[in-house]
Each structure stands twice: as C-alpha cells, then as structure tokens.
Amino acid sequence: MSRRLLLPCSMLLAILFLVWPVGAQSVLQLTLPNRPDSVKFMAMGDNGTGDDGQYQVAQRMVEAHRVFPFEFAIMLGDNMYGSQKPADFVTKFEKPYGPLLDAGVKFYAALGNHDEQTNRFYKPWNMNGERYYTYTKKNVRFFVLDSDYMDPKQLDWLTGELKKATDEWKIAYFHHPLYSSAGRHGSETDLRLVLEPLFVQYGVNVVFSGHDHVYERVKPQKGIYYFVSGSAGQLRKGDLRKSALTDTGFDQDMSFMLVEIEKDTMSIQTISRAGRTVDSATLARQKRN
Amino acid sequence: MTPAKSKLLAIPTIHLRLWGQIAIAVLLCGSIARGTALSASAAAGRQPAAEATKEAVLKAFLKRIDEYVALKKRLTAGVPSPRPGDRGTGKVERAGDTLASRLKGARAEAKPGDMFGEAAPYFKQIIEHDTETRGVRDAYAAMQEVPAQSPPAVNALYPEKAALATVPPLILVNLPRLPDGLEYRFMGRDLILRDRDANIIVDFVPGAVPVIKR
C-alpha cells in the first residue's frame, strides 16, 4: 500500500511545494500606518489586458483592501488594451476588480495611449466625460491629465486649476512619465518641458505615471516625488535600467501601489503579484515658500 | 568620435530592427542639409510678403475647419451626445458610428488636401523644424508608437485597435489650435486631422514627418 501511495503522495507534496510560496505570501504584511482618518488609495497602471496576470494582481489588490481599506483607486492609463467593446469592460475591468467595486472602491482613471478616448464616458472610471479633470479627497487635490494629447488648451486649464488650488497636497497623475529609467520608453522629455515648470511653480508634491511596464520610485526631481507604476497587468521584465534617477525599482514581476496620506506625510507600499512588498517609504510633504 | 556620439549612432542599429515599420530612416550625413533648411526657412521668415502669405493660408485653413465644425454640428442633430455612463453600454459606439456615417456621406467627394490645402507646407515646416531640434533618441521616442498603417485615407476610420500615439506637446504648441472634437495625430510619416467623436480621418498631410538627417 505504501508503495502504491508513494507516487501520488510525492506528487501532492511537489504540488504543495510549488503552490505554497504564493499562498504563504498572500497574507500581506502591511507597512503603512493605516490610520483611521488618513487618505488611503491604490495606484495602478497599464492593467487592462484581461490576461491572467491582471487577474492575479487584482486578487492581491482585493487582499490588500481587507487589511488596508483604501477608499479609491487611481488608474494611470492603458486601463484597457486591444478590443474595447462593451464585453471588454466586463472582462478587463468589472470582473477582475469586482470585489473592490462591490466594496465601494471608486476608480478615477487617466487615459493612456491604448485607451479609446470615449472611455472617458465609462461611469465606473469617474471621468465625467472629461479627458482631464480634478477632484479632492480631504486635504489632497488630484489633477488627472491626458498626456496623450497635451495641447495648449489642456495646459491653460491645468494652469488655472493649479493656481486656484489651496490644498495641502497636490498630486498629478497621467500616463506618460516625466522621469523614467526604463529602457522601452524612458522619460518623456517633451512633456516634462511643458509640465514640470507648472508643477514647480504651483507646488505639486507628487506625480504618478505608468506607460513603462515596471515600477520605479524616482529620486525627487526639483523637489517633486515621481513614481512610475505601469505593471498592474503588463510586465517588461528586466527593462528597468537603474540610473541616477532611480531611488528604488522593481521589474521582476507585476505590481501596484498602496498610498496613505496623513497631514504632512505620505507613505507608500508597493506590492508584487506574488504579494511581496517590493518598496515602502514614508515621505515628508515638501516645504513650499 | 566622442563616446556620446557613438552611443547615439548605436541606437538606430538596434531600433530599426525593432521599429522596422516606422517609416523613419536615420541617415548619416553632415549638418549641411539641416543648416541649409534652417537658413532657408529663416530667410523666408524674414520676408514680410511670405509672412503675409503664410498668415492668409493658415487663416483659410482655420476657416475650412470652422466650416467642417458647422457641418458636423448640423449632422449631429438627432444623435444623442455621449454622457457619462454611456460607455460600455454600446450607446457611445452607436453615436460615433452614426456620426461617422453621416460625415462620410456628406463628405463623400472629399479629397486629400481639402482641409489642409495650401497650408500643408507650413505644417510640414513646423514638424521639420521640430525634428531638427530634437536628438535622434527623442525623435525616435516621439514616433515610437505611431501606427504604421500608411497611407491614411480621407473618411477612413482611424484603426480601432491602434494606439493613439502621443503628439509631442512641443509640436502641438506650434500648430494652429483646433476646436474641440478635432485633433492632430501621426500615422506613419503622415500628419492626420482626426475627428475624435467620429474616429475618422478628415484629412492628412503626406510625408509630414521628414527623414531625419544628422
């Protein structure tokens, strides 16, 4: 009997051995303060493939939400790839993030170069039909831009909104990174030339982008924190060419970010598809004149 | 050759293979061509008569744009404007398809150049000048995700699954401003005028992106 069972038992053990690391890591070790009154959100970019990877990352997001109940999520563009018919909104968004939607998490999207522009009319992305828009959460104002088409009209709008904003934190997010050490795309210098002076002049604190399918925390540039988080459904493994810009980076697996802002500090935790924390930091709000 | 220059020269070798469909070839040649082009355009810019012509031609272009917008407004009658919540239900697609079909019908006789007309050389000039002021890597980056489907056709749909490659903001600030619903995009080496609501190509300037020389 023991001989007869030896092979199946060995196979079972082998399977358990292969599966166990993922399962074991799925219990998220939260490094964030997780205070009751803080602004809590999740950031993800380049997610909408409908492939297994997106679903696996989405599962980690759901697990993270159980221990870190983020109220909303920011989408950094390429929220949907390829076909974008009504059915695709189900398979590439509503299904993978269903548990988050059911839990009341609101999504605020920026358009990427793979998104159809009419996606701004998709209600769950809260764009209200606009390519660029702004909203606040407590002491934080978000500026969501369409970096695919940064025309003078959008720049005028941004200037006006930044001028008006008196919020303690100003966060901008859009698809194309002003700073990136990834090999495939890298820094969008054109965009930087038109946006960075505005960010500096009007005291933007943090900028999130995607486009490059890696994670990178860039060293503060002109006092501004920059993040590239473009691997919540896509991955360009090994594409990060760590440079003088790089503070921390991760290009070995897909990932997403958890962010918490309370008073003058912002804490971040970046989590891989396997549930591993690949970056965490607490950053102080910049002192402005 | 400085190390920096040799690095630049290495880029095309790698990327031409990767971006074989991008219709830009980086050719090695001196800066004579660039200098000649720049000085020619600078000289032209100094001539008041040429400036007046340019102004008139661009004004005429914008008038045609206004006429297009007026036509579109008439054709939009009865087509419900998309509202938040309509995407993902099929309503936006139906509205876009209806508008595209009406525009195609109303402009069935439209030919390439009907919109850009005599202004086309000025658009080419702006893009050419921009290209000359960029490094090779930047020029490549700007064209990296431009769909290679070429040539475009008037009244054709912009390819559904093709990425909407970014138009460099430094080019956009120099091109005549367009009203809502119209935008400039690149397709291959051509500059297209795209109707955002109907997803159709209204007109295009062939070969607007020059062969980059350095």
# chains A, B, ... in the order shown; residues from 1 in each chain; ligands from 1
call {"tool": "residues_around", "arguments": {"residues": "A:Glu94", "least_positions_apart": "4", "cutoff": "12 Å", "atoms": "only C-alpha atoms", "output": "number ranges by chain"}}
result
A: 48, 50, 54-55, 58, 79-80, 86-90, 98-102, 107, 122-125; B: 88
call {"tool": "select_by_dssp", "arguments": {"residues": "stretch 49-239 of chain A", "states": "strand (DSSP E or B)", "output": "PyMOL selection string"}}
result
chain A and resi 72-75+106-109+133-137+140-144+169-173+182+206-209+215-221+224-229
call {"tool": "closest_residue", "arguments": {"among": "A:Gln117, A:Thr282, A:Leu195, A:Arg241", "to": "A:Glu260", "atoms": "only C-alpha atoms"}}
result
A:Thr282
call {"tool": "interface_residues", "arguments": {"of": "chain A", "to": "chain B", "cutoff": "10 Å", "atoms": "only C-alpha atoms", "output": "ChimeraX atom specification"}}
result
/A:78,81-90,112-130,146-153,155,176,184-195
call {"tool": "residues_around", "arguments": {"residues": "B:Met187", "least_positions_apart": "3", "cutoff": "8 Å", "atoms": "only C-alpha atoms", "output": "list in words"}}
result
Val146, Pro147, Ala148, Gln149, Ser150, Pro151, Pro152, Asp190, Leu191 and Ile192 of chain B
call {"tool": "write_last_selection", "arguments": {"atoms": "all heavy atoms", "output": "PDB file, in the first residue's frame"}}
result
ATOM      1  N   VAL B 146       3.700  55.297 -33.068  1.00  0.00           N
ATOM      2  CA  VAL B 146       2.841  55.763 -34.159  1.00  0.00           C
ATOM      3  C   VAL B 146       2.430  54.570 -35.010  1.00  0.00           C
ATOM      4  O   VAL B 146       3.281  53.779 -35.416  1.00  0.00           O
ATOM      5  CB  VAL B 146       3.599  56.801 -35.024  1.00  0.00           C
ATOM      6  CG1 VAL B 146       2.854  57.089 -36.310  1.00  0.00           C
ATOM      7  CG2 VAL B 146       3.815  58.075 -34.235  1.00  0.00           C
ATOM      8  N   PRO B 147       1.124  54.413 -35.252  1.00  0.00           N
ATOM      9  CA  PRO B 147       0.721  53.263 -36.069  1.00  0.00           C
ATOM     10  C   PRO B 147       1.304  53.359 -37.475  1.00  0.00           C
ATOM     11  O   PRO B 147       1.375  54.450 -38.049  1.00  0.00           O
ATOM     12  CB  PRO B 147      -0.802  53.349 -36.085  1.00  0.00           C
ATOM     13  CG  PRO B 147      -1.139  54.734 -35.673  1.00  0.00           C
ATOM     14  CD  PRO B 147      -0.003  55.244 -34.842  1.00  0.00           C
ATOM     15  N   ALA B 148       1.730  52.226 -37.968  1.00  0.00           N
ATOM     16  CA  ALA B 148       2.448  52.240 -39.244  1.00  0.00           C
ATOM     17  C   ALA B 148       1.519  52.155 -40.449  1.00  0.00           C
ATOM     18  O   ALA B 148       1.975  52.240 -41.574  1.00  0.00           O
ATOM     19  CB  ALA B 148       3.435  51.085 -39.274  1.00  0.00           C
ATOM     20  N   GLN B 149       0.203  51.977 -40.176  1.00  0.00           N
ATOM     21  CA  GLN B 149      -0.724  51.876 -41.300  1.00  0.00           C
ATOM     22  C   GLN B 149      -0.618  53.129 -42.155  1.00  0.00           C
ATOM     23  O   GLN B 149      -0.895  54.222 -41.701  1.00  0.00           O
ATOM     24  CB  GLN B 149      -2.173  51.745 -40.826  1.00  0.00           C
ATOM     25  CG  GLN B 149      -2.485  50.391 -40.243  1.00  0.00           C
ATOM     26  CD  GLN B 149      -2.351  50.417 -38.746  1.00  0.00           C
ATOM     27  OE1 GLN B 149      -1.622  51.227 -38.199  1.00  0.00           O
ATOM     28  NE2 GLN B 149      -3.054  49.525 -38.077  1.00  0.00           N
ATOM     29  N   SER B 150      -0.198  52.955 -43.333  1.00  0.00           N
ATOM     30  CA  SER B 150       0.001  54.099 -44.197  1.00  0.00           C
ATOM     31  C   SER B 150      -0.222  53.633 -45.633  1.00  0.00           C
ATOM     32  O   SER B 150       0.101  52.504 -45.975  1.00  0.00           O
ATOM     33  CB  SER B 150       1.422  54.610 -44.008  1.00  0.00           C
ATOM     34  OG  SER B 150       1.578  55.873 -44.564  1.00  0.00           O
ATOM     35  N   PRO B 151      -0.724  54.411 -46.513  1.00  0.00           N
ATOM     36  CA  PRO B 151      -1.141  55.782 -46.281  1.00  0.00           C
ATOM     37  C   PRO B 151      -2.539  55.838 -45.674  1.00  0.00           C
ATOM     38  O   PRO B 151      -3.346  54.931 -45.892  1.00  0.00           O
ATOM     39  CB  PRO B 151      -1.141  56.381 -47.680  1.00  0.00           C
ATOM     40  CG  PRO B 151      -1.468  55.213 -48.569  1.00  0.00           C
ATOM     41  CD  PRO B 151      -0.901  53.994 -47.901  1.00  0.00           C
ATOM     42  N   PRO B 152      -2.830  56.913 -44.954  1.00  0.00           N
ATOM     43  CA  PRO B 152      -4.194  57.081 -44.477  1.00  0.00           C
ATOM     44  C   PRO B 152      -5.107  57.474 -45.624  1.00  0.00           C
ATOM     45  O   PRO B 152      -4.625  57.792 -46.716  1.00  0.00           O
ATOM     46  CB  PRO B 152      -4.076  58.216 -43.465  1.00  0.00           C
ATOM     47  CG  PRO B 152      -2.853  58.949 -43.837  1.00  0.00           C
ATOM     48  CD  PRO B 152      -1.958  58.017 -44.583  1.00  0.00           C
ATOM     49  N   ASP B 190       2.767  60.443 -41.919  1.00  0.00           N
ATOM     50  CA  ASP B 190       1.758  61.444 -42.288  1.00  0.00           C
ATOM     51  C   ASP B 190       1.135  62.096 -41.056  1.00  0.00           C
ATOM     52  O   ASP B 190       0.932  61.442 -40.033  1.00  0.00           O
ATOM     53  CB  ASP B 190       0.657  60.780 -43.127  1.00  0.00           C
ATOM     54  CG  ASP B 190       1.234  60.002 -44.298  1.00  0.00           C
ATOM     55  OD1 ASP B 190       2.251  60.461 -44.860  1.00  0.00           O
ATOM     56  OD2 ASP B 190       0.701  58.932 -44.626  1.00  0.00           O
ATOM     57  N   LEU B 191       0.817  63.369 -41.203  1.00  0.00           N
ATOM     58  CA  LEU B 191       0.075  64.067 -40.155  1.00  0.00           C
ATOM     59  C   LEU B 191      -1.395  63.962 -40.519  1.00  0.00           C
ATOM     60  O   LEU B 191      -1.774  64.295 -41.649  1.00  0.00           O
ATOM     61  CB  LEU B 191       0.485  65.543 -40.101  1.00  0.00           C
ATOM     62  CG  LEU B 191      -0.320  66.423 -39.144  1.00  0.00           C
ATOM     63  CD1 LEU B 191       0.074  66.130 -37.693  1.00  0.00           C
ATOM     64  CD2 LEU B 191      -0.106  67.910 -39.448  1.00  0.00           C
ATOM     65  N   ILE B 192      -2.194  63.480 -39.598  1.00  0.00           N
ATOM     66  CA  ILE B 192      -3.619  63.382 -39.918  1.00  0.00           C
ATOM     67  C   ILE B 192      -4.430  64.345 -39.050  1.00  0.00           C
ATOM     68  O   ILE B 192      -4.017  64.708 -37.949  1.00  0.00           O
ATOM     69  CB  ILE B 192      -4.170  61.936 -39.759  1.00  0.00           C
ATOM     70  CG1 ILE B 192      -4.142  61.477 -38.291  1.00  0.00           C
ATOM     71  CG2 ILE B 192      -3.422  60.962 -40.636  1.00  0.00           C
ATOM     72  CD1 ILE B 192      -4.983  60.235 -38.054  1.00  0.00           C
TER      73      ILE B 192
END
call {"tool": "residues_around", "arguments": {"residues": "B:Val57", "least_positions_apart": "2", "cutoff": "9 Å", "atoms": "only C-alpha atoms", "output": "PyMOL selection string"}}
result
chain B and resi 52-55+59-62+117-119+122
call {"tool": "write_last_selection", "arguments": {"atoms": "all heavy atoms", "output": "JSON list (two decimals), in the first residue's frame"}}
result
[["chain", "number", "residue", "atom", "x", "y", "z"],
["B", 52, "ALA", "N", 2.94, 87.28, -44.75],
["B", 52, "ALA", "CA", 1.54, 87.63, -45.04],
["B", 52, "ALA", "C", 0.85, 86.47, -45.73],
["B", 52, "ALA", "O", -0.30, 86.13, -45.43],
["B", 52, "ALA", "CB", 1.50, 88.88, -45.89],
["B", 53, "THR", "N", 1.58, 85.84, -46.66],
["B", 53, "THR", "CA", 1.01, 84.69, -47.37],
["B", 53, "THR", "C", 0.71, 83.57, -46.38],
["B", 53, "THR", "O", -0.37, 82.98, -46.41],
["B", 53, "THR", "CB", 2.01, 84.18, -48.44],
["B", 53, "THR", "OG1", 2.43, 85.30, -49.20],
["B", 53, "THR", "CG2", 1.39, 83.13, -49.32],
["B", 54, "LYS", "N", 1.67, 83.31, -45.51],
["B", 54, "LYS", "CA", 1.51, 82.24, -44.54],
["B", 54, "LYS", "C", 0.28, 82.50, -43.67],
["B", 54, "LYS", "O", -0.53, 81.60, -43.44],
["B", 54, "LYS", "CB", 2.78, 82.16, -43.67],
["B", 54, "LYS", "CG", 2.73, 81.08, -42.61],
["B", 54, "LYS", "CD", 4.01, 81.07, -41.80],
["B", 54, "LYS", "CE", 3.92, 80.11, -40.64],
["B", 54, "LYS", "NZ", 5.13, 80.11, -39.82],
["B", 55, "GLU", "N", 0.17, 83.74, -43.22],
["B", 55, "GLU", "CA", -0.96, 84.10, -42.36],
["B", 55, "GLU", "C", -2.29, 83.88, -43.08],
["B", 55, "GLU", "O", -3.23, 83.32, -42.51],
["B", 55, "GLU", "CB", -0.81, 85.57, -41.94],
["B", 55, "GLU", "CG", -1.61, 85.93, -40.70],
["B", 55, "GLU", "CD", -1.37, 87.36, -40.29],
["B", 55, "GLU", "OE1", -0.20, 87.77, -40.20],
["B", 55, "GLU", "OE2", -2.36, 88.07, -40.09],
["B", 59, "LYS", "N", -5.09, 81.17, -42.13],
["B", 59, "LYS", "CA", -6.43, 81.68, -41.84],
["B", 59, "LYS", "C", -7.47, 80.92, -42.67],
["B", 59, "LYS", "O", -8.54, 80.55, -42.17],
["B", 59, "LYS", "CB", -6.47, 83.19, -42.17],
["B", 59, "LYS", "CG", -7.54, 83.94, -41.43],
["B", 59, "LYS", "CD", -7.38, 85.42, -41.68],
["B", 59, "LYS", "CE", -8.69, 86.14, -41.30],
["B", 59, "LYS", "NZ", -8.67, 87.55, -41.64],
["B", 60, "ALA", "N", -7.12, 80.68, -43.91],
["B", 60, "ALA", "CA", -8.03, 79.94, -44.79],
["B", 60, "ALA", "C", -8.22, 78.52, -44.28],
["B", 60, "ALA", "O", -9.33, 77.96, -44.32],
["B", 60, "ALA", "CB", -7.47, 79.92, -46.22],
["B", 61, "PHE", "N", -7.14, 77.92, -43.76],
["B", 61, "PHE", "CA", -7.23, 76.57, -43.18],
["B", 61, "PHE", "C", -8.21, 76.57, -42.01],
["B", 61, "PHE", "O", -9.10, 75.70, -41.93],
["B", 61, "PHE", "CB", -5.83, 76.12, -42.73],
["B", 61, "PHE", "CG", -5.85, 74.93, -41.79],
["B", 61, "PHE", "CD1", -6.14, 73.65, -42.26],
["B", 61, "PHE", "CD2", -5.59, 75.09, -40.43],
["B", 61, "PHE", "CE1", -6.17, 72.57, -41.40],
["B", 61, "PHE", "CE2", -5.61, 74.01, -39.57],
["B", 61, "PHE", "CZ", -5.90, 72.74, -40.05],
["B", 62, "LEU", "N", -8.07, 77.56, -41.14],
["B", 62, "LEU", "CA", -8.95, 77.61, -39.96],
["B", 62, "LEU", "C", -10.40, 77.88, -40.36],
["B", 62, "LEU", "O", -11.32, 77.43, -39.68],
["B", 62, "LEU", "CB", -8.44, 78.65, -38.96],
["B", 62, "LEU", "CG", -7.14, 78.24, -38.25],
["B", 62, "LEU", "CD1", -6.57, 79.38, -37.42],
["B", 62, "LEU", "CD2", -7.35, 77.00, -37.37],
["B", 117, "GLY", "N", -5.06, 71.94, -47.56],
["B", 117, "GLY", "CA", -4.87, 72.79, -48.74],
["B", 117, "GLY", "C", -3.47, 73.36, -48.84],
["B", 117, "GLY", "O", -2.48, 72.66, -48.63],
["B", 118, "GLU", "N", -3.42, 74.65, -49.10],
["B", 118, "GLU", "CA", -2.12, 75.31, -49.28],
["B", 118, "GLU", "C", -1.36, 75.47, -47.97],
["B", 118, "GLU", "O", -0.19, 75.88, -47.97],
["B", 118, "GLU", "CB", -2.34, 76.69, -49.91],
["B", 118, "GLU", "CG", -2.82, 76.64, -51.35],
["B", 118, "GLU", "CD", -3.06, 78.03, -51.90],
["B", 118, "GLU", "OE1", -3.39, 78.94, -51.13],
["B", 118, "GLU", "OE2", -2.91, 78.20, -53.12],
["B", 119, "ALA", "N", -2.03, 75.16, -46.86],
["B", 119, "ALA", "CA", -1.35, 75.28, -45.57],
["B", 119, "ALA", "C", -0.42, 74.10, -45.30],
["B", 119, "ALA", "O", 0.43, 74.17, -44.41],
["B", 119, "ALA", "CB", -2.39, 75.39, -44.45],
["B", 122, "TYR", "N", 3.26, 74.54, -44.57],
["B", 122, "TYR", "CA", 3.59, 75.18, -43.30],
["B", 122, "TYR", "C", 3.56, 74.17, -42.15],
["B", 122, "TYR", "O", 4.36, 74.25, -41.23],
["B", 122, "TYR", "CB", 2.64, 76.35, -43.02],
["B", 122, "TYR", "CG", 2.79, 77.45, -44.03],
["B", 122, "TYR", "CD1", 1.81, 77.68, -44.98],
["B", 122, "TYR", "CD2", 3.95, 78.22, -44.07],
["B", 122, "TYR", "CE1", 1.97, 78.66, -45.95],
["B", 122, "TYR", "CE2", 4.13, 79.20, -45.04],
["B", 122, "TYR", "CZ", 3.13, 79.42, -45.97],
["B", 122, "TYR", "OH", 3.30, 80.38, -46.93]]
call {"tool": "residues_around", "arguments": {"residues": "stretch 200-206 of chain B", "least_positions_apart": "6", "cutoff": "9 Å", "atoms": "only C-alpha atoms", "output": "ChimeraX atom specification"}}
result
/B:100,103-104,110-116,120-121,123-124,151-158,182,189-194
call {"tool": "select_by_dssp", "arguments": {"residues": "stretch 41-272 of chain A", "states": "helix (DSSP H, G or I)", "output": "ChimeraX atom specification"}}
result
/A:52-67,86-94,98-102,117-121,123-125,152-164,189-201
call {"tool": "residues_around", "arguments": {"residues": "A:Asp51", "least_positions_apart": "5", "cutoff": "10 Å", "atoms": "only C-alpha atoms", "output": "MDAnalysis selection string"}}
result
chainID A and resid 56 91:92 96 233:234
call {"tool": "atom_distance", "arguments": {"atom1": "atom CA of A:Pro197", "atom2": "atom CA of A:Gln221"}}
result
11.6 Å
call {"tool": "decode", "arguments": {"residues": "stretch 40-63 of chain A", "atoms": "N, CA, C and O atoms", "output": "PDB file, in the first residue's frame"}}
result
ATOM      1  N   LYS A  40      -6.529  57.191   1.915  1.00  0.00           N
ATOM      2  CA  LYS A  40      -5.951  55.901   1.509  1.00  0.00           C
ATOM      3  C   LYS A  40      -6.376  55.594   0.066  1.00  0.00           C
ATOM      4  O   LYS A  40      -7.560  55.624  -0.239  1.00  0.00           O
ATOM      5  N   PHE A  41      -5.392  55.294  -0.737  1.00  0.00           N
ATOM      6  CA  PHE A  41      -5.755  54.904  -2.101  1.00  0.00           C
ATOM      7  C   PHE A  41      -4.773  53.900  -2.684  1.00  0.00           C
ATOM      8  O   PHE A  41      -3.707  53.634  -2.103  1.00  0.00           O
ATOM      9  N   MET A  42      -5.167  53.365  -3.802  1.00  0.00           N
ATOM     10  CA  MET A  42      -4.340  52.377  -4.505  1.00  0.00           C
ATOM     11  C   MET A  42      -4.017  52.975  -5.878  1.00  0.00           C
ATOM     12  O   MET A  42      -4.831  53.713  -6.431  1.00  0.00           O
ATOM     13  N   ALA A  43      -2.818  52.701  -6.386  1.00  0.00           N
ATOM     14  CA  ALA A  43      -2.422  53.216  -7.699  1.00  0.00           C
ATOM     15  C   ALA A  43      -2.022  52.046  -8.599  1.00  0.00           C
ATOM     16  O   ALA A  43      -1.261  51.168  -8.172  1.00  0.00           O
ATOM     17  N   MET A  44      -2.534  52.078  -9.817  1.00  0.00           N
ATOM     18  CA  MET A  44      -2.168  51.009 -10.762  1.00  0.00           C
ATOM     19  C   MET A  44      -2.126  51.566 -12.182  1.00  0.00           C
ATOM     20  O   MET A  44      -2.875  52.471 -12.528  1.00  0.00           O
ATOM     21  N   GLY A  45      -1.227  51.027 -12.957  1.00  0.00           N
ATOM     22  CA  GLY A  45      -1.108  51.474 -14.338  1.00  0.00           C
ATOM     23  C   GLY A  45      -0.987  50.308 -15.291  1.00  0.00           C
ATOM     24  O   GLY A  45      -0.529  49.223 -14.912  1.00  0.00           O
ATOM     25  N   ASP A  46      -1.429  50.512 -16.516  1.00  0.00           N
ATOM     26  CA  ASP A  46      -1.230  49.540 -17.598  1.00  0.00           C
ATOM     27  C   ASP A  46      -1.780  48.167 -17.228  1.00  0.00           C
ATOM     28  O   ASP A  46      -1.102  47.153 -17.371  1.00  0.00           O
ATOM     29  N   ASN A  47      -3.004  48.187 -16.764  1.00  0.00           N
ATOM     30  CA  ASN A  47      -3.586  46.975 -16.204  1.00  0.00           C
ATOM     31  C   ASN A  47      -4.515  46.208 -17.141  1.00  0.00           C
ATOM     32  O   ASN A  47      -4.636  44.994 -17.028  1.00  0.00           O
ATOM     33  N   GLY A  48      -5.180  46.908 -18.074  1.00  0.00           N
ATOM     34  CA  GLY A  48      -6.357  46.325 -18.726  1.00  0.00           C
ATOM     35  C   GLY A  48      -6.140  45.335 -19.845  1.00  0.00           C
ATOM     36  O   GLY A  48      -6.633  45.524 -20.956  1.00  0.00           O
ATOM     37  N   THR A  49      -5.471  44.259 -19.565  1.00  0.00           N
ATOM     38  CA  THR A  49      -5.222  43.256 -20.608  1.00  0.00           C
ATOM     39  C   THR A  49      -6.293  42.180 -20.652  1.00  0.00           C
ATOM     40  O   THR A  49      -6.527  41.586 -21.705  1.00  0.00           O
ATOM     41  N   GLY A  50      -6.878  41.919 -19.497  1.00  0.00           N
ATOM     42  CA  GLY A  50      -7.817  40.795 -19.406  1.00  0.00           C
ATOM     43  C   GLY A  50      -7.096  39.471 -19.269  1.00  0.00           C
ATOM     44  O   GLY A  50      -7.722  38.403 -19.256  1.00  0.00           O
ATOM     45  N   ASP A  51      -5.794  39.501 -19.161  1.00  0.00           N
ATOM     46  CA  ASP A  51      -4.995  38.273 -19.051  1.00  0.00           C
ATOM     47  C   ASP A  51      -4.910  37.801 -17.593  1.00  0.00           C
ATOM     48  O   ASP A  51      -5.274  38.527 -16.670  1.00  0.00           O
ATOM     49  N   ASP A  52      -4.341  36.623 -17.437  1.00  0.00           N
ATOM     50  CA  ASP A  52      -4.202  36.053 -16.087  1.00  0.00           C
ATOM     51  C   ASP A  52      -3.455  36.987 -15.148  1.00  0.00           C
ATOM     52  O   ASP A  52      -3.801  37.113 -13.979  1.00  0.00           O
ATOM     53  N   GLY A  53      -2.408  37.606 -15.662  1.00  0.00           N
ATOM     54  CA  GLY A  53      -1.588  38.490 -14.825  1.00  0.00           C
ATOM     55  C   GLY A  53      -2.422  39.583 -14.193  1.00  0.00           C
ATOM     56  O   GLY A  53      -2.275  39.875 -12.995  1.00  0.00           O
ATOM     57  N   GLN A  54      -3.282  40.197 -14.969  1.00  0.00           N
ATOM     58  CA  GLN A  54      -4.135  41.261 -14.417  1.00  0.00           C
ATOM     59  C   GLN A  54      -5.015  40.700 -13.301  1.00  0.00           C
ATOM     60  O   GLN A  54      -5.175  41.325 -12.243  1.00  0.00           O
ATOM     61  N   TYR A  55      -5.570  39.524 -13.524  1.00  0.00           N
ATOM     62  CA  TYR A  55      -6.454  38.918 -12.519  1.00  0.00           C
ATOM     63  C   TYR A  55      -5.679  38.561 -11.245  1.00  0.00           C
ATOM     64  O   TYR A  55      -6.194  38.705 -10.138  1.00  0.00           O
ATOM     65  N   GLN A  56      -4.453  38.087 -11.439  1.00  0.00           N
ATOM     66  CA  GLN A  56      -3.655  37.719 -10.258  1.00  0.00           C
ATOM     67  C   GLN A  56      -3.308  38.961  -9.435  1.00  0.00           C
ATOM     68  O   GLN A  56      -3.379  38.949  -8.207  1.00  0.00           O
ATOM     69  N   VAL A  57      -2.938  40.035 -10.123  1.00  0.00           N
ATOM     70  CA  VAL A  57      -2.638  41.285  -9.408  1.00  0.00           C
ATOM     71  C   VAL A  57      -3.909  41.814  -8.734  1.00  0.00           C
ATOM     72  O   VAL A  57      -3.875  42.273  -7.586  1.00  0.00           O
ATOM     73  N   ALA A  58      -5.022  41.708  -9.447  1.00  0.00           N
ATOM     74  CA  ALA A  58      -6.301  42.175  -8.885  1.00  0.00           C
ATOM     75  C   ALA A  58      -6.622  41.425  -7.596  1.00  0.00           C
ATOM     76  O   ALA A  58      -7.126  42.007  -6.629  1.00  0.00           O
ATOM     77  N   GLN A  59      -6.307  40.131  -7.587  1.00  0.00           N
ATOM     78  CA  GLN A  59      -6.547  39.327  -6.379  1.00  0.00           C
ATOM     79  C   GLN A  59      -5.720  39.856  -5.200  1.00  0.00           C
ATOM     80  O   GLN A  59      -6.198  39.961  -4.073  1.00  0.00           O
ATOM     81  N   ARG A  60      -4.496  40.261  -5.487  1.00  0.00           N
ATOM     82  CA  ARG A  60      -3.640  40.846  -4.426  1.00  0.00           C
ATOM     83  C   ARG A  60      -4.232  42.175  -3.941  1.00  0.00           C
ATOM     84  O   ARG A  60      -4.144  42.513  -2.775  1.00  0.00           O
ATOM     85  N   MET A  61      -4.796  42.920  -4.881  1.00  0.00           N
ATOM     86  CA  MET A  61      -5.422  44.202  -4.502  1.00  0.00           C
ATOM     87  C   MET A  61      -6.588  43.964  -3.547  1.00  0.00           C
ATOM     88  O   MET A  61      -6.769  44.691  -2.575  1.00  0.00           O
ATOM     89  N   VAL A  62      -7.360  42.938  -3.870  1.00  0.00           N
ATOM     90  CA  VAL A  62      -8.516  42.609  -3.028  1.00  0.00           C
ATOM     91  C   VAL A  62      -8.032  42.212  -1.634  1.00  0.00           C
ATOM     92  O   VAL A  62      -8.581  42.663  -0.615  1.00  0.00           O
ATOM     93  N   GLU A  63      -6.985  41.421  -1.588  1.00  0.00           N
ATOM     94  CA  GLU A  63      -6.420  41.009  -0.287  1.00  0.00           C
ATOM     95  C   GLU A  63      -5.891  42.216   0.476  1.00  0.00           C
ATOM     96  O   GLU A  63      -6.073  42.332   1.682  1.00  0.00           O
TER      97      GLU A  63
END
